[in-house]
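J.: Input structure: protein_9.pdb, which contains PDB, C-alpha atoms.
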```
ATOM      1  CA  MET U   8     -18.942-210.002  65.710
ATOM      2  CA  GLN U   9     -16.205-207.414  66.055
ATOM      3  CA  PRO U  10     -12.852-208.556  67.530
ATOM      4  CA  THR U  11     -12.069-207.389  71.015
ATOM      5  CA  THR U  12      -9.648-204.451  71.076
ATOM      6  CA  SER U  13      -7.108-204.257  73.898
ATOM      7  CA  LEU U  14      -7.122-200.974  75.810
ATOM      8  CA  ARG U  15      -3.696-201.635  77.320
ATOM      9  CA  HIS U  16      -1.236-198.736  76.888
ATOM     10  CA  PRO U  17       1.553-199.625  74.393
ATOM     11  CA  ARG U  18       4.214-199.026  77.033
ATOM     12  CA  GLU U  19       2.825-201.884  79.121
ATOM     13  CA  SER U  20       3.995-204.323  76.423
ATOM     14  CA  LEU U  21       7.633-203.265  76.708
ATOM     15  CA  SER U  22      10.019-205.868  78.052
ATOM     16  CA  PRO U  23      12.410-205.046  80.925
ATOM     17  CA  LEU U  24      15.222-204.728  78.359
ATOM     18  CA  ASP U  25      13.143-202.232  76.364
ATOM     19  CA  TRP U  26      12.559-200.180  79.486
ATOM     20  CA  LEU U  27      16.263-200.263  80.303
ATOM     21  CA  ALA U  28      17.169-199.124  76.774
ATOM     22  CA  ALA U  29      14.599-196.316  76.960
ATOM     23  CA  ILE U  30      16.331-195.001  80.080
ATOM     24  CA  TYR U  31      19.927-195.764  79.093
ATOM     25  CA  TYR U  32      20.162-194.412  75.551
ATOM     26  CA  PRO U  33      19.135-190.809  76.303
ATOM     27  CA  VAL U  34      21.700-190.635  79.111
ATOM     28  CA  ALA U  35      24.449-192.167  76.937
ATOM     29  CA  PHE U  36      23.623-189.895  73.988
ATOM     30  CA  TYR U  37      23.725-186.615  75.898
ATOM     31  CA  PHE U  38      26.835-187.722  77.756
ATOM     32  CA  CYS U  39      28.579-188.245  74.392
ATOM     33  CA  VAL U  40      27.451-184.840  73.094
ATOM     34  CA  MET U  41      28.706-183.133  76.265
ATOM     35  CA  LEU U  42      31.967-185.081  76.123
ATOM     36  CA  PHE U  43      32.625-184.002  72.548
ATOM     37  CA  GLY U  44      32.147-180.319  73.271
ATOM     38  CA  LEU U  45      34.216-180.441  76.451
ATOM     39  CA  SER U  46      37.055-182.358  74.784
ATOM     40  CA  CYS U  47      37.249-179.913  71.867
ATOM     41  CA  PHE U  48      37.275-176.934  74.232
ATOM     42  CA  LEU U  49      39.955-178.362  76.529
ATOM     43  CA  TRP U  50      42.306-179.124  73.615
ATOM     44  CA  SER U  51      41.666-175.926  71.647
ATOM     45  CA  MET U  52      43.186-173.659  74.307
ATOM     46  CA  PRO U  53      46.608-175.387  74.681
ATOM     47  CA  ALA U  54      46.674-176.046  70.922
ATOM     48  CA  GLY U  55      46.342-172.315  70.312
ATOM     49  CA  LEU U  56      49.353-171.673  72.536
ATOM     50  CA  LEU U  57      51.414-174.437  70.903
ATOM     51  CA  TYR U  58      50.598-172.940  67.506
ATOM     52  CA  ARG U  59      52.570-169.854  68.546
ATOM     53  CA  VAL U  60      55.640-171.631  69.937
ATOM     54  CA  LEU U  61      56.202-174.888  68.001
ATOM     55  CA  PRO U  62      58.129-175.003  64.718
ATOM     56  CA  LYS U  63      55.688-175.016  61.811
ATOM     57  CA  ARG U  64      56.340-178.485  60.386
ATOM     58  CA  SER U  65      56.493-180.360  63.690
ATOM     59  CA  GLY U  66      53.561-178.354  65.055
ATOM     60  CA  GLU U  67      51.388-179.316  62.089
ATOM     61  CA  ALA U  68      52.178-183.026  62.409
ATOM     62  CA  PHE U  69      51.588-182.933  66.169
ATOM     63  CA  GLY U  70      48.314-181.044  65.774
ATOM     64  CA  GLN U  71      47.013-183.503  63.173
ATOM     65  CA  PHE U  72      48.006-186.473  65.318
ATOM     66  CA  MET U  73      46.307-185.010  68.398
ATOM     67  CA  ILE U  74      43.056-184.400  66.508
ATOM     68  CA  MET U  75      43.151-188.034  65.371
ATOM     69  CA  LEU U  76      43.875-189.217  68.905
ATOM     70  CA  GLY U  77      41.133-187.097  70.463
ATOM     71  CA  PHE U  78      38.513-188.095  67.908
ATOM     72  CA  ARG U  79      39.553-191.746  68.150
ATOM     73  CA  TRP U  80      39.055-191.624  71.915
ATOM     74  CA  PHE U  81      35.660-189.956  71.517
ATOM     75  CA  ILE U  82      34.479-192.435  68.867
ATOM     76  CA  GLY U  83      35.725-195.228  71.127
ATOM     77  CA  VAL U  84      33.483-193.937  73.920
ATOM     78  CA  MET U  85      30.527-193.808  71.516
ATOM     79  CA  ARG U  86      31.149-197.398  70.443
ATOM     80  CA  LEU U  87      31.722-198.660  73.977
ATOM     81  CA  SER U  88      28.517-196.998  75.174
ATOM     82  CA  GLY U  89      26.525-198.571  72.332
ATOM     83  CA  VAL U  90      25.570-195.211  70.810
ATOM     84  CA  LEU U  91      27.535-195.927  67.616
ATOM     85  CA  ARG U  92      28.190-199.043  65.552
ATOM     86  CA  ILE U  93      30.819-198.900  62.800
ATOM     87  CA  ASP U  94      33.515-201.042  61.222
ATOM     88  CA  PHE U  95      36.698-199.103  60.381
ATOM     89  CA  SER U  96      38.596-202.002  58.802
ATOM     90  CA  GLU U  97      38.460-200.662  55.231
ATOM     91  CA  LEU U  98      39.270-197.076  56.213
ATOM     92  CA  ASP U  99      42.250-198.253  58.281
ATOM     93  CA  ARG U 100      43.915-199.484  55.100
ATOM     94  CA  LEU U 101      44.631-195.833  54.248
ATOM     95  CA  SER U 102      46.295-194.912  57.539
ATOM     96  CA  ARG U 103      49.887-195.333  56.300
ATOM     97  CA  GLU U 104      49.435-193.775  52.872
ATOM     98  CA  ARG U 105      50.626-190.274  52.056
ATOM     99  CA  ALA U 106      50.059-187.577  49.419
ATOM    100  CA  LEU U 107      46.476-188.577  48.747
ATOM    101  CA  VAL U 108      43.172-186.783  48.182
ATOM    102  CA  ILE U 109      40.356-188.579  50.033
ATOM    103  CA  ALA U 110      36.934-187.791  48.570
ATOM    104  CA  PRO U 111      33.911-189.094  50.529
ATOM    105  CA  ASN U 112      30.233-188.371  50.189
ATOM    106  CA  HIS U 113      28.851-186.310  53.078
ATOM    107  CA  PRO U 114      25.568-187.580  54.585
ATOM    108  CA  THR U 115      26.067-186.163  58.107
ATOM    109  CA  MET U 116      28.177-183.761  60.158
ATOM    110  CA  LEU U 117      29.735-186.722  61.953
ATOM    111  CA  ASP U 118      31.562-187.874  58.788
ATOM    112  CA  ALA U 119      34.671-185.730  59.279
ATOM    113  CA  VAL U 120      35.048-186.895  62.898
ATOM    114  CA  LEU U 121      34.806-190.548  61.854
ATOM    115  CA  LEU U 122      37.404-190.173  59.090
ATOM    116  CA  THR U 123      39.965-188.095  60.961
ATOM    117  CA  SER U 124      39.743-190.446  63.959
ATOM    118  CA  ARG U 125      41.586-193.098  61.925
ATOM    119  CA  LEU U 126      44.022-191.085  59.791
ATOM    120  CA  PRO U 127      47.065-189.520  61.519
ATOM    121  CA  ARG U 128      48.264-187.128  58.769
ATOM    122  CA  VAL U 129      45.099-185.428  57.592
ATOM    123  CA  VAL U 130      44.331-181.858  56.637
ATOM    124  CA  CYS U 131      40.770-180.723  56.033
ATOM    125  CA  ILE U 132      39.090-177.765  54.363
ATOM    126  CA  THR U 133      37.266-175.915  57.152
ATOM    127  CA  LYS U 134      34.845-173.039  57.396
ATOM    128  CA  ALA U 135      36.657-169.788  58.152
ATOM    129  CA  ALA U 136      34.368-169.222  61.149
ATOM    130  CA  LEU U 137      35.900-172.220  62.939
ATOM    131  CA  TRP U 138      39.246-170.426  63.211
ATOM    132  CA  ASP U 139      37.758-167.998  65.727
ATOM    133  CA  ASN U 140      35.616-170.593  67.508
ATOM    134  CA  ILE U 141      36.603-171.293  71.127
ATOM    135  CA  PHE U 142      35.921-175.013  70.677
ATOM    136  CA  TYR U 143      37.927-175.535  67.481
ATOM    137  CA  GLY U 144      40.072-172.482  66.698
ATOM    138  CA  GLY U 145      43.300-173.503  68.383
ATOM    139  CA  SER U 146      43.228-177.082  67.126
ATOM    140  CA  VAL U 147      42.568-176.238  63.457
ATOM    141  CA  ARG U 148      45.336-173.611  63.486
ATOM    142  CA  LEU U 149      47.905-175.974  64.979
ATOM    143  CA  ALA U 150      46.963-178.783  62.562
ATOM    144  CA  ALA U 151      47.280-176.373  59.584
ATOM    145  CA  TYR U 152      43.773-177.040  58.358
ATOM    146  CA  ILE U 153      42.791-174.883  55.397
ATOM    147  CA  ARG U 154      40.282-172.028  55.449
ATOM    148  CA  ASN U 155      37.653-171.997  52.711
ATOM    149  CA  ASP U 156      37.213-168.235  52.464
ATOM    150  CA  ALA U 157      39.685-167.496  49.611
ATOM    151  CA  PRO U 158      39.525-169.985  46.689
ATOM    152  CA  LEU U 159      42.951-169.508  45.096
ATOM    153  CA  PRO U 160      44.977-169.487  48.363
ATOM    154  CA  MET U 161      42.871-172.457  49.509
ATOM    155  CA  ILE U 162      43.818-174.457  46.410
ATOM    156  CA  ARG U 163      47.505-173.529  46.690
ATOM    157  CA  ARG U 164      47.729-174.435  50.388
ATOM    158  CA  ALA U 165      45.871-177.710  49.856
ATOM    159  CA  ALA U 166      48.127-178.721  46.962
ATOM    160  CA  GLN U 167      51.224-177.891  48.997
ATOM    161  CA  ALA U 168      49.998-179.901  51.980
ATOM    162  CA  ILE U 169      49.467-182.917  49.713
ATOM    163  CA  ARG U 170      52.936-182.546  48.161
ATOM    164  CA  ASP U 171      54.338-182.433  51.717
ATOM    165  CA  GLY U 172      52.862-185.871  52.350
ATOM    166  CA  ALA U 173      49.526-185.116  54.019
ATOM    167  CA  GLN U 174      46.198-186.663  53.142
ATOM    168  CA  LEU U 175      43.573-184.100  52.170
ATOM    169  CA  VAL U 176      40.017-185.003  53.206
ATOM    170  CA  ILE U 177      37.607-182.960  51.104
ATOM    171  CA  PHE U 178      33.904-183.502  50.429
ATOM    172  CA  PRO U 179      33.200-183.019  46.701
ATOM    173  CA  GLU U 180      29.631-181.922  47.471
ATOM    174  CA  GLY U 181      30.954-178.961  49.461
ATOM    175  CA  SER U 182      28.462-179.451  52.302
ATOM    176  CA  ARG U 183      26.191-182.105  53.732
ATOM    177  CA  THR U 184      23.937-183.920  51.289
ATOM    178  CA  SER U 185      20.493-182.389  50.980
ATOM    179  CA  SER U 186      19.110-184.687  48.246
ATOM    180  CA  PRO U 187      20.377-188.261  48.790
ATOM    181  CA  PRO U 188      22.284-190.142  47.638
ATOM    182  CA  ILE U 189      24.502-187.123  46.727
ATOM    183  CA  ASP U 190      24.314-183.502  45.646
ATOM    184  CA  ALA U 191      26.150-182.076  42.644
ATOM    185  CA  PHE U 192      29.955-182.111  42.968
ATOM    186  CA  HIS U 193      32.137-179.009  42.898
ATOM    187  CA  ARG U 194      35.370-179.067  40.907
ATOM    188  CA  SER U 195      37.746-177.576  43.499
ATOM    189  CA  PHE U 196      38.840-180.956  44.893
ATOM    190  CA  ALA U 197      39.822-182.106  41.392
ATOM    191  CA  VAL U 198      41.810-178.909  40.802
ATOM    192  CA  MET U 199      43.677-179.479  44.084
ATOM    193  CA  ALA U 200      44.466-183.095  43.187
ATOM    194  CA  LYS U 201      45.669-182.118  39.722
ATOM    195  CA  ALA U 202      47.829-179.284  41.094
ATOM    196  CA  ALA U 203      49.442-181.690  43.579
ATOM    197  CA  GLY U 204      49.757-184.575  41.111
ATOM    198  CA  ALA U 205      47.908-186.813  43.576
ATOM    199  CA  PRO U 206      45.317-189.566  43.054
ATOM    200  CA  VAL U 207      41.756-189.296  44.366
ATOM    201  CA  GLN U 208      40.643-192.088  46.697
ATOM    202  CA  THR U 209      36.864-192.321  46.986
ATOM    203  CA  LEU U 210      35.074-193.308  50.184
ATOM    204  CA  LEU U 211      31.455-194.411  50.329
ATOM    205  CA  ILE U 212      29.705-193.528  53.590
ATOM    206  CA  GLU U 213      26.298-194.965  54.459
ATOM    207  CA  ALA U 214      24.408-193.801  57.545
ATOM    208  CA  ASP U 215      21.189-195.456  58.670
ATOM    209  CA  SER U 216      20.146-192.444  60.756
ATOM    210  CA  PRO U 217      19.242-188.855  59.827
ATOM    211  CA  TYR U 218      21.207-187.562  62.835
ATOM    212  CA  LEU U 219      23.224-184.436  61.935
ATOM    213  CA  ARG U 220      22.052-184.376  58.366
ATOM    214  CA  LYS U 221      21.185-180.922  57.053
ATOM    215  CA  GLY U 222      18.668-179.317  59.375
ATOM    216  CA  TRP U 223      19.093-181.845  62.214
ATOM    217  CA  PRO U 224      20.086-180.054  65.455
ATOM    218  CA  LEU U 225      23.009-181.356  67.521
ATOM    219  CA  PHE U 226      20.919-181.889  70.667
ATOM    220  CA  ARG U 227      17.948-183.598  69.013
ATOM    221  CA  ARG U 228      18.292-187.250  69.945
ATOM    222  CA  PRO U 229      17.793-189.777  67.120
ATOM    223  CA  GLN U 230      16.869-193.426  67.343
ATOM    224  CA  LEU U 231      19.911-195.274  68.676
ATOM    225  CA  PRO U 232      22.318-196.855  68.033
ATOM    226  CA  LEU U 233      23.710-194.948  65.050
ATOM    227  CA  VAL U 234      24.978-197.385  62.424
ATOM    228  CA  TYR U 235      27.559-196.304  59.836
ATOM    229  CA  ARG U 236      29.286-198.134  57.023
ATOM    230  CA  ILE U 237      32.462-196.845  55.342
ATOM    231  CA  ARG U 238      33.657-198.552  52.176
ATOM    232  CA  LEU U 239      36.764-197.929  50.104
ATOM    233  CA  GLY U 240      35.742-196.962  46.598
ATOM    234  CA  ARG U 241      37.855-196.830  43.476
ATOM    235  CA  ARG U 242      40.986-194.701  43.160
ATOM    236  CA  PHE U 243      41.164-192.275  40.237
ATOM    237  CA  GLU U 244      43.629-189.999  38.472
ATOM    238  CA  VAL U 245      42.240-186.595  37.523
ATOM    239  CA  GLY U 246      43.789-186.308  34.048
ATOM    240  CA  GLU U 247      43.754-183.233  31.835
ATOM    241  CA  ASP U 248      40.050-182.384  32.139
ATOM    242  CA  PRO U 249      39.062-181.693  35.788
ATOM    243  CA  GLN U 250      35.450-180.859  34.936
ATOM    244  CA  GLY U 251      34.991-184.052  32.941
ATOM    245  CA  PHE U 252      36.586-185.972  35.797
ATOM    246  CA  VAL U 253      34.147-184.445  38.300
ATOM    247  CA  THR U 254      31.161-185.355  36.120
ATOM    248  CA  GLY U 255      32.344-188.949  35.843
ATOM    249  CA  LEU U 256      33.077-189.233  39.561
ATOM    250  CA  GLU U 257      29.632-187.939  40.478
ATOM    251  CA  ALA U 258      28.088-190.607  38.242
ATOM    252  CA  TYR U 259      30.247-193.238  39.963
ATOM    253  CA  PHE U 260      28.963-192.215  43.415
ATOM    254  CA  ARG U 261      25.357-192.270  42.212
ATOM    255  CA  GLU U 262      25.819-195.825  40.969
ATOM    256  CA  GLU U 263      27.476-197.021  44.178
ATOM    257  CA  LEU U 264      25.309-195.373  46.838
ATOM    258  CA  PRO U 265      21.764-196.521  47.571
ATOM    259  CA  VAL U 266      19.016-194.063  48.424
ATOM    260  CA  GLN U 267      18.343-194.967  52.036
ATOM    261  CA  ALA U 268      15.185-194.358  53.964
ATOM    262  CA  SER U 269      15.660-192.550  57.275
ATOM    263  CA  ARG U 270      14.690-194.314  60.479
TER     264      ARG U 270
END
```
Please, can you express the file's structure as structure tokens?
T.:
Amino acid sequence: MQPTTSLRHPRESLSPLDWLAAIYYPVAFYFCVMLFGLSCFLWSMPAGLLYRVLPKRSGEAFGQFMIMLGFRWFIGVMRLSGVLRIDFSELDRLSRERALVIAPNHPTMLDAVLLTSRLPRVVCITKAALWDNIFYGGSVRLAAYIRNDAPLPMIRRAAQAIRDGAQLVIFPEGSRTSSPPIDAFHRSFAVMAKAAGAPVQTLLIEADSPYLRKGWPLFRRPQLPLVYRIRLGRRFEVGEDPQGFVTGLEAYFREELPVQASR
């Protein structure tokens, strides 16, 4: 005798809490996306004006601090709303350090926002197109972020920023990971560290969600909450052979990072 099969629709088995989550999370997610875009736009315009009137050194420090403050507020909203779960305790140990190259893996587009939300004196390598973007242009100019469109000037400016006491956040993969756990590393970050005489601090980022990985649109809602883990890795000196250093560092990341299945 065949067992009786229930014809009840799967949704009928949801608990009241499941129903509430099904309604709440889409609203919270799109609110956070809207809030991010609006916040970037509202700061970019006055930042662009301040870039023209503030002294260079004080303007850079102020711009970097304001990006940290704005991203910290935004990430705080994401955590308070339940959209994001993350522990920053290990990353916060770097907040008072200076003249350091920070080299994380790059699973999602959200990585840079998470890192800069906790570090007050950070410069980043940015796409040249962002400098003319109405949402980001003014803020990246004021903070003296570094354009990636000219390799030699990029390396010189990055090395100088590190020597001036900034932390340089640079992703050795160059862009978001397409073949987890990591893609092949480029050598530019090692050249910058060597030119500045600075150590390389590794960060290991693990994301349980495919949200904002390569090919994932900003407005496509993932399963929530997003759960991230950021670990401090080892700290390295580049030495006399940047290419050999890069090869060894890539092997280190492959040993430390698991290949995670997407939800």
J.: Starting from the displayed file, determine the output of the PyMOL selection byres ((chain U and resi 106) around 8) and express the residue list as a PyMOL selection string.
T.: chain U and resi 104-105+107-108+169-175+205
J.: Let me know the residues the PyMOL selection byres ((chain U and resi 33-35) around 12) catches in the file above, as a PyMOL selection string.
T.: chain U and resi 26-32+36-42+84-91+226-232
J.: With C-alpha atoms retained, could you export that selection as an mmCIF file, in the frame of the given file?
T.:
```cif
data_model
loop_
_atom_site.group_PDB
_atom_site.id
_atom_site.type_symbol
_atom_site.label_atom_id
_atom_site.label_comp_id
_atom_site.auth_asym_id
_atom_site.auth_seq_id
_atom_site.Cartn_x
_atom_site.Cartn_y
_atom_site.Cartn_z
ATOM 1 C CA TRP U 26 12.559 -200.180 79.486
ATOM 2 C CA LEU U 27 16.263 -200.263 80.303
ATOM 3 C CA ALA U 28 17.169 -199.124 76.774
ATOM 4 C CA ALA U 29 14.599 -196.316 76.960
ATOM 5 C CA ILE U 30 16.331 -195.001 80.080
ATOM 6 C CA TYR U 31 19.927 -195.764 79.093
ATOM 7 C CA TYR U 32 20.162 -194.412 75.551
ATOM 8 C CA PHE U 36 23.623 -189.895 73.988
ATOM 9 C CA TYR U 37 23.725 -186.615 75.898
ATOM 10 C CA PHE U 38 26.835 -187.722 77.756
ATOM 11 C CA CYS U 39 28.579 -188.245 74.392
ATOM 12 C CA VAL U 40 27.451 -184.840 73.094
ATOM 13 C CA MET U 41 28.706 -183.133 76.265
ATOM 14 C CA LEU U 42 31.967 -185.081 76.123
ATOM 15 C CA VAL U 84 33.483 -193.937 73.920
ATOM 16 C CA MET U 85 30.527 -193.808 71.516
ATOM 17 C CA ARG U 86 31.149 -197.398 70.443
ATOM 18 C CA LEU U 87 31.722 -198.660 73.977
ATOM 19 C CA SER U 88 28.517 -196.998 75.174
ATOM 20 C CA GLY U 89 26.525 -198.571 72.332
ATOM 21 C CA VAL U 90 25.570 -195.211 70.810
ATOM 22 C CA LEU U 91 27.535 -195.927 67.616
ATOM 23 C CA PHE U 226 20.919 -181.889 70.667
ATOM 24 C CA ARG U 227 17.948 -183.598 69.013
ATOM 25 C CA ARG U 228 18.292 -187.250 69.945
ATOM 26 C CA PRO U 229 17.793 -189.777 67.120
ATOM 27 C CA GLN U 230 16.869 -193.426 67.343
ATOM 28 C CA LEU U 231 19.911 -195.274 68.676
ATOM 29 C CA PRO U 232 22.318 -196.855 68.033
#
```
J.: Could you list, as a list in words, every residue within 9 Å of Ile74 of chain U, counting only C-alpha atoms and ignoring same-chain residues fewer than 6 positions away?
T.: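 Result of the neighbour search: Trp50, Thr123, Ser124, Pro127, Ser146, Val147 and Ala150 of chain U.
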J.: I would like the residues chosen by the PyMOL selection byres ((chain U and resi 249) around 10) on the shown file; could you give them as number ranges by chain?
T.: U: 194-201, 244-248, 250-255
J.: Please identify all polymer residues within 10 Å of Gly66 of chain U, counting all atoms listed in the file, omitting same-chain residues fewer than 6 positions from it, and present them as a ChimeraX atom specification.
T.: /U:54,57-60,72,148-151
J.: Restricting the calculation to all atoms listed in the file, which member of U:Ile177, U:Ile212, U:Leu239, U:Met161 is positioned closest to Pro265 of chain U?
T.: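 The answer is U:Ile212, which sits nearest to Pro265 of chain U.
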J.: Report the distance between atom CA of Pro160 of chain U and atom CA of Arg128 of chain U in Å, rounded to one decimal place.
T.: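 If I compute the distance from atom CA of Pro160 of chain U to atom CA of Arg128 of chain U, I get 20.7 Å.
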J.: List the neighbours of Ser46 of chain U out to 10 Å using all atoms listed in the file; skip same-chain residues closer than 3 positions along the sequence, and give me the result as a ChimeraX atom specification.
T.: /U:41-43,49-51,77-78,80-81,142
